[in-house]
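Visitor: Below you will find the structure I want to go over with you.
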Amino acid sequence: MPDANNDPLTQVAGALAALTGGRDAALLLAVSGGPDSMAMLDMVRRGWAGPVSAATVDHRLRPESAGEAAMVADYCASIAVPHVTLCPDAPITGNLQSAARTTRYRLLAQAAARAGAEFIVTAHHADDQLETMLMRLARGSGVDGLAAVRAKNGQVIRPMLCLRKAELERYCADQAIPFVRDPSNASPDFDRVRMRAALGQFDVVDPMQAVRSAAALADVADALDWMVDSEAAQVLHTGPGGASLIRHDYPAALLRRLVQRCLQAVQPGIAPRGEALGRLIDTLNAGGQGMIGDVLCRGGATWHFARAPARHGAGGEGMATE
Ligand SMILES: Nc1ncnc2c1ncn2[C@@H]1O[C@H](COP(=O)(O)OP(=O)(O)OP(=O)(O)O)[C@@H](O)[C@H]1O
């Protein structure tokens, strides 16, 4: 007899209830028009008792994108789900994937506020999680990076992590749900596409186990943040002259986070890579001084962090040490 608990709709409903705290909160679904988010749209509107609306971001980076957004709008109209297409007010430039992602989440947050939605829901699934973890592993990431795609990050929630991509595609086929395929998902120019192709030949790691590992690492990252909150209140002081750390005999994982907080207190938004941060901490431990971004850092009994004049041609997060 089929197990009702393994039914994708039941699993997604359970994940949504856990992520939202069980209330019938208003949800804004982020629907690109691909099979993952179209399956999510259909599953959530069937299984969720609270208000549901949907948004598609037309990044205007490909000629087909307006037609894809229109397809989602038409489908939403046919199932009586309110839908909005969101467009950036200026062309997306620079590192296109990363700039598109930043713009997308900003537009979605604005649309959620307008729609009165408490949560933005994306369709990241278990195969996405494994790909992300392996890409981070290939870069030597630590706990935060390997925690990969968070099931909950601020107001963004991801209830489809409990499902495989193949289940979502099967669902679309079974329910005759239309979808589009983004051609960039087939371009070998992207690391993710190459990783996906490699994983197609390699079934040693079960994506569902990767989801469990990532969730365990996310718990560890949250626990470290919690400890650092209470330590920082005792040992990290900020003022007009910058930030200082009066104690630094911490285990490495805590010290890295405390130093990150000092840096961010001086230069908001700075996110040094693990290796640069490790080199800085070695330098400070040896009583030396170094620069990360625009922050001058000095070791000694108390570590000091202060804004330095921007260096000509400085590359942001690189580090110079003395
Ligand atoms: N153009 C879009 N409009 C609305 N939602 C989108 C759009 N693109 C992506 N999303 C949402 O984000 C999810 C993940 O998409 P995708 O894997 O393409 O993003 P990514 O850039 O690789 O990951 P991330 O969103 O974590 O940065 C989709 O399933 C969908 O819910």
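Residues in the structure tokens are named by chain (A, B, ... in the order shown) and by number from 1 within that chain; ligands are numbered from 1 in the order shown.
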Hey, what's within 12 Å of A:Gly22 if we count only C-alpha atoms and toss same-chain stuff fewer than 4 positions away? As a PyMOL selection string, please?
Guide: chain A and resi 13-18+26+48-50
Visitor: Would you export the selected residues with C-alpha atoms as an mmCIF file, in the first residue's frame, please?
Guide:
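The new file result_10.cif reads:
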data_model
loop_
_atom_site.group_PDB
_atom_site.id
_atom_site.type_symbol
_atom_site.label_atom_id
_atom_site.label_comp_id
_atom_site.auth_asym_id
_atom_site.auth_seq_id
_atom_site.Cartn_x
_atom_site.Cartn_y
_atom_site.Cartn_z
ATOM 1 C CA ALA A 13 2.734 20.582 3.450
ATOM 2 C CA GLY A 14 4.694 19.224 6.446
ATOM 3 C CA ALA A 15 7.806 21.214 5.526
ATOM 4 C CA LEU A 16 5.771 24.405 5.048
ATOM 5 C CA ALA A 17 4.039 23.949 8.403
ATOM 6 C CA ALA A 18 7.421 23.493 10.129
ATOM 7 C CA ALA A 26 0.454 34.607 3.504
ATOM 8 C CA TRP A 48 -1.859 25.573 1.839
ATOM 9 C CA ALA A 49 -4.810 27.082 3.685
ATOM 10 C CA GLY A 50 -3.405 30.636 3.870
#
Visitor: Produce as a ChimeraX atom specification the set of residues near ligand 1, where near means within 9 Å with only C-alpha atoms and all ligand atoms considered.
Guide: /A:29-38,40,54-59,65,69,85-86,97-98,100-102,104-105,108,120-125,128,132,148-150,158,160,182,185,192
Visitor: Report as a list of chain:residue names: the residues of stretch 40-263 of chain A with a DSSP assignment of strand (DSSP E), based on the backbone of this structure.
Guide: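 Of stretch 40-263 of chain A, only A:Val52, A:Ser53, A:Ala54, A:Ala55, A:Thr56, A:Val57, A:His83, A:Val84, A:Thr85, A:Leu86, A:Phe119, A:Ile120, A:Val121, A:Lys152, A:Asn153, A:Val156, A:Ile157, A:Leu236, A:His237, A:Thr238, A:Gly239, A:Gly242, A:Ala243, A:Ser244, A:Leu245 fall in strand (DSSP E).
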Visitor: Keeping only N, CA and C atoms, write the selected residues as a compact mmCIF listing (two decimals), in the first residue's frame.
Guide:
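Saved result, out.txt, follows:
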# COMPACT_ATOMS: atom_id res chain seq x y z
N VAL A 52 -2.11 32.69 -0.98
CA VAL A 52 -0.94 32.38 -1.82
C VAL A 52 -0.97 33.30 -3.04
N SER A 53 0.18 33.95 -3.31
CA SER A 53 0.32 34.66 -4.58
C SER A 53 1.68 34.29 -5.17
N ALA A 54 1.92 34.70 -6.41
CA ALA A 54 3.15 34.29 -7.08
C ALA A 54 3.80 35.49 -7.77
N ALA A 55 5.12 35.42 -7.92
CA ALA A 55 5.84 36.48 -8.63
C ALA A 55 6.90 35.86 -9.53
N THR A 56 7.07 36.45 -10.71
CA THR A 56 8.14 36.03 -11.64
C THR A 56 9.01 37.23 -11.90
N VAL A 57 10.33 37.05 -11.77
CA VAL A 57 11.24 38.14 -12.08
C VAL A 57 11.68 37.98 -13.53
N HIS A 83 -0.83 36.92 -9.55
CA HIS A 83 0.55 36.86 -10.05
C HIS A 83 1.03 38.24 -10.45
N VAL A 84 2.33 38.48 -10.23
CA VAL A 84 2.91 39.74 -10.67
C VAL A 84 4.25 39.44 -11.35
N THR A 85 4.53 40.17 -12.44
CA THR A 85 5.84 40.08 -13.09
C THR A 85 6.67 41.28 -12.64
N LEU A 86 7.90 41.00 -12.19
CA LEU A 86 8.76 42.04 -11.63
C LEU A 86 9.94 42.27 -12.57
N PHE A 119 6.15 35.35 4.00
CA PHE A 119 7.26 34.53 3.53
C PHE A 119 7.36 34.55 2.00
N ILE A 120 8.61 34.48 1.52
CA ILE A 120 8.89 34.25 0.10
C ILE A 120 9.31 32.79 0.00
N VAL A 121 8.72 32.06 -0.95
CA VAL A 121 8.97 30.62 -1.03
C VAL A 121 9.68 30.30 -2.34
N LYS A 152 15.60 28.01 5.76
CA LYS A 152 14.97 29.28 6.13
C LYS A 152 16.07 30.31 6.27
N ASN A 153 15.92 31.41 5.57
CA ASN A 153 16.93 32.47 5.64
C ASN A 153 16.16 33.78 5.65
N VAL A 156 12.85 34.15 3.59
CA VAL A 156 12.83 33.18 2.47
C VAL A 156 12.79 31.75 3.02
N ILE A 157 11.83 30.98 2.56
CA ILE A 157 11.73 29.58 3.01
C ILE A 157 11.74 28.64 1.80
N LEU A 236 33.47 42.67 22.70
CA LEU A 236 33.60 43.48 21.48
C LEU A 236 33.02 44.86 21.75
N HIS A 237 33.87 45.88 21.60
CA HIS A 237 33.41 47.25 21.84
C HIS A 237 33.51 48.05 20.55
N THR A 238 32.48 48.84 20.28
CA THR A 238 32.54 49.69 19.09
C THR A 238 32.36 51.14 19.49
N GLY A 239 32.96 52.03 18.72
CA GLY A 239 32.83 53.46 18.99
C GLY A 239 33.23 54.21 17.74
N GLY A 242 36.27 52.99 15.80
CA GLY A 242 36.29 51.66 15.21
C GLY A 242 35.80 50.61 16.20
N ALA A 243 36.38 49.40 16.09
CA ALA A 243 35.96 48.30 16.97
C ALA A 243 37.18 47.74 17.67
N SER A 244 36.98 47.20 18.87
CA SER A 244 38.09 46.53 19.53
C SER A 244 37.60 45.24 20.16
N LEU A 245 38.54 44.30 20.24
CA LEU A 245 38.26 42.97 20.79
C LEU A 245 39.19 42.78 21.97
Visitor: Using only C-alpha atoms, determine which residues lie at most 12 Å from A:Pro240, disregarding the query and same-chain residues fewer than 6 positions distant; provide the list as a list in words.
Guide: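 Everything that qualifies: Ala265, Val266, Phe305, Ala306 and Arg307 of chain A.
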Visitor: List every residue of stretch 5-254 of chain A that DSSP, applied to the backbone, labels as helix (DSSP H, G or I), and write the result as a ChimeraX atom specification.
Guide: /A:5-6,8-20,35-47,65-78,96-115,126-138,143-146,159-162,165-175,183-186,191-200,207-235,252-254
Visitor: Can you work out which one of A:Ala271, A:Met71, A:Ala39, A:Ala138 has the shortest atom-to-atom distance to A:Ala166, counting only C-alpha atoms?
Guide: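 Among A:Ala271, A:Met71, A:Ala39, A:Ala138, it is A:Ala39 that comes nearest to A:Ala166.
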Visitor: Using only C-alpha atoms, pick whichever of A:Leu199, A:Val143, A:Ile292, A:Leu277 has the shortest atom-to-atom distance to A:Val220.
Guide: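 With only C-alpha atoms as the atom set, the closest residue is A:Val143.
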Visitor: Taking only C-alpha atoms into account, which of A:Asp127, A:Asp42, A:Glu68, A:Asp222 comes nearest A:Ala210?
Guide: A:Asp127
